[in-house]
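Below is one structure, written out as structure tokens, with a few remarks after it.
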There are 2 protein chains.
Amino acid sequence: MTTETTTGKRPGGRSAAVLVAVKRALEDLMAERGSDRVTIPMVAERAGVNPTSVYRRWGDLPSMINDIATYRLDPNRPMADTGDLREDLTSWTAEFVRHYSIPANAALLRAGAATAGETETDCLRNRRAEAGVILDRFGGDGPVSAEDIIDHVIAPIVYRVIYQPHTLSDATAPKLVNFLMGTR
Amino acid sequence: MTTETTTGKRPGGRSAAVLVAVKRALEDLMAERGSDRVTIPMVAERAGVNPTSVYRRWGDLPSMINDIATYRLDPNRPMADTGDLREDLTSWTAEFVRHYSIPANAALLRAGAATAGETETDCLRNRRAEAGVILDRFGGDGPVSAEDIIDHVIAPIVYRVIYQPHTLSDATAPKLVNFLMGTR
DNA sequence: GGGGAATTGCAAAAATCGTTGCTTTAGCGA
DNA sequence: TCGCTAAAGCAACGATTTTTGCAATTCCCC
């Protein structure tokens, strides 16, 4: 993420500072303790912000978590473009794995799962879009579809992040991409 | 699940009624709102039970969720054994999909994800064991491993349950198993 | 710079949650 | 049927969370 996605009417200066402070505090607390065991007053105190501000801006914790989970992983970051589909996918996937190897990010993902319901988090939706971008470079009618990428690359990683974080490694990305593309 | 898991000293009549009412109330509420956004007083009211009873029996919400999640998917149910690996896997997978197509079960899975940390839920751990059982029937050294099944069958389904429940259908199981076994 | 509006901070009130002691209900064995 | 006791209900309390009204700050646009 680069800067602020504050869609509100006053994105600059202090509001932004509060936003950043709260975001960091929330991430830290969620990584330290579970996504349960975190309360708004707690976050506010850690952020050095008045609880009222938090309440007014987000209302409650689940909303806050969903909103803040949005910030992750810069949507405009450059993606590898080597001319080789497998290679591009692998480095893109590796970055995804690396991102969720950071405890704070993993905690955010797990917490988001609880409230997920009907809509993917923005973070995951962005991954889907990126998968589309990569595929489009290669004509879009290759051996795999965006849905395949979600099912067989993103999903296994998400599963591991949630239930078996210790099984994530540098080998994960190439392994999954290889399976996806048919080399076993 | 069969009937009551009430291990207490007085399983009959009223206690059982309370247990069932609370269980139903909790499942309903978790399906309606997220597993967050549910409180014990809320559950008690919906169940027509005094909050104190709930507090005394379970203590807090996570414990309650864990306890009630025990009900899921009979571990001793018979599994298809047709002599054909693909067919066995498909029907086993279809049952998994069917189970999590029920909103209450999906809500429970999402809730479990939020608190997962290091350990899979019992339900998922059992699925892993079953995958092993099926593979063992066929010598255990076939084209796929238990890990492959987790990555490419279970994980995509779990992902959909959590983030895109409406994409689950009767076609999901055969599609994933076919991909797993190399027919595309 | 200066005006208007959004946002924050502060403080007090209101609501909610979770606990505890006690009373009442009702299952279970004799 | 009766007594014992586990479990549920009730009421009051303290602690924490959440809301709300108002003053002070500070950002954006002219």
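Chain lettering (A, B, ...) mirrors the order of the structure tokens, residue numbering begins at 1 for each chain separately, and ligand numbering begins at 1 in order of display.
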If we count only C-alpha atoms (C1' of nucleotides) and set the cut-off at 12 Å, which residues sit around DT24 of chain C, ignoring sequence neighbours fewer than 5 positions away in its own chain? Please answer as a PyMOL selection string. chain D and resi 7-10
Set the cut-off to 12 Å and count only C-alpha atoms (C1' of nucleotides): what are the residues of chain A that reach chain D? Output as an NGL selection string. :A and (9-16 or 39-42 or 51-56 or 59-60)
Within segment 125-176 of chain A, find each residue whose DSSP state, derived from the backbone, is alpha helix (DSSP H), and express the selection as a ChimeraX atom specification. /A:125-137,146-149,155-163,172-176
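When chain B serves as the reference and chain A is fitted to it on all C-alpha atoms, the deviation left is 1.6 Å RMSD.
The list of chain A residues within 8 Å of chain B is Gly34, Ser35, Asp36, Pro62, Arg110, Ala111, Gly112, Ala113, Ala114, Thr115, Ala116, Gly117, Glu118, Thr119, Glu120, Thr121, Ile150, Asp151, His152, Ala155, Pro156, Val158, Tyr159, Ile162, Tyr163, Gln164, Pro165 and Gly182 of chain A; this uses only C-alpha atoms.
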Give me the chain C side of the contact with chain A, cut-off 9 Å, one line per residue showing its nearest atom pair and distance in Å at one decimal, counting only C-alpha atoms (C1' of nucleotides), sorted by chain and residue number, as JSON lines.
{"residue": "C:DA6", "atom": "C1'", "partner": "A:Arg10", "partner_atom": "CA", "distance": 7.1}
{"residue": "C:DT7", "atom": "C1'", "partner": "A:Ser15", "partner_atom": "CA", "distance": 7.1}
{"residue": "C:DT8", "atom": "C1'", "partner": "A:Ser53", "partner_atom": "CA", "distance": 6.5}
{"residue": "C:DG9", "atom": "C1'", "partner": "A:Asn50", "partner_atom": "CA", "distance": 6.6}
{"residue": "C:DC10", "atom": "C1'", "partner": "A:Asn50", "partner_atom": "CA", "distance": 8.9}
By how many Å are atom CA of Glu130 of chain A and atom CA of Asn178 of chain A apart? 18.7 Å
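Across the structure, atom CA of Arg127 of chain B and atom CA of Met79 of chain B are spaced 11.6 Å apart.
Going from atom CA of Glu147 of chain B to atom CA of Leu85 of chain B covers 15.8 Å.
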Using only C-alpha atoms, which of A:Ala173, A:Val97, A:Ala17, A:Leu26 sits nearest Met64 of chain A? A:Leu26
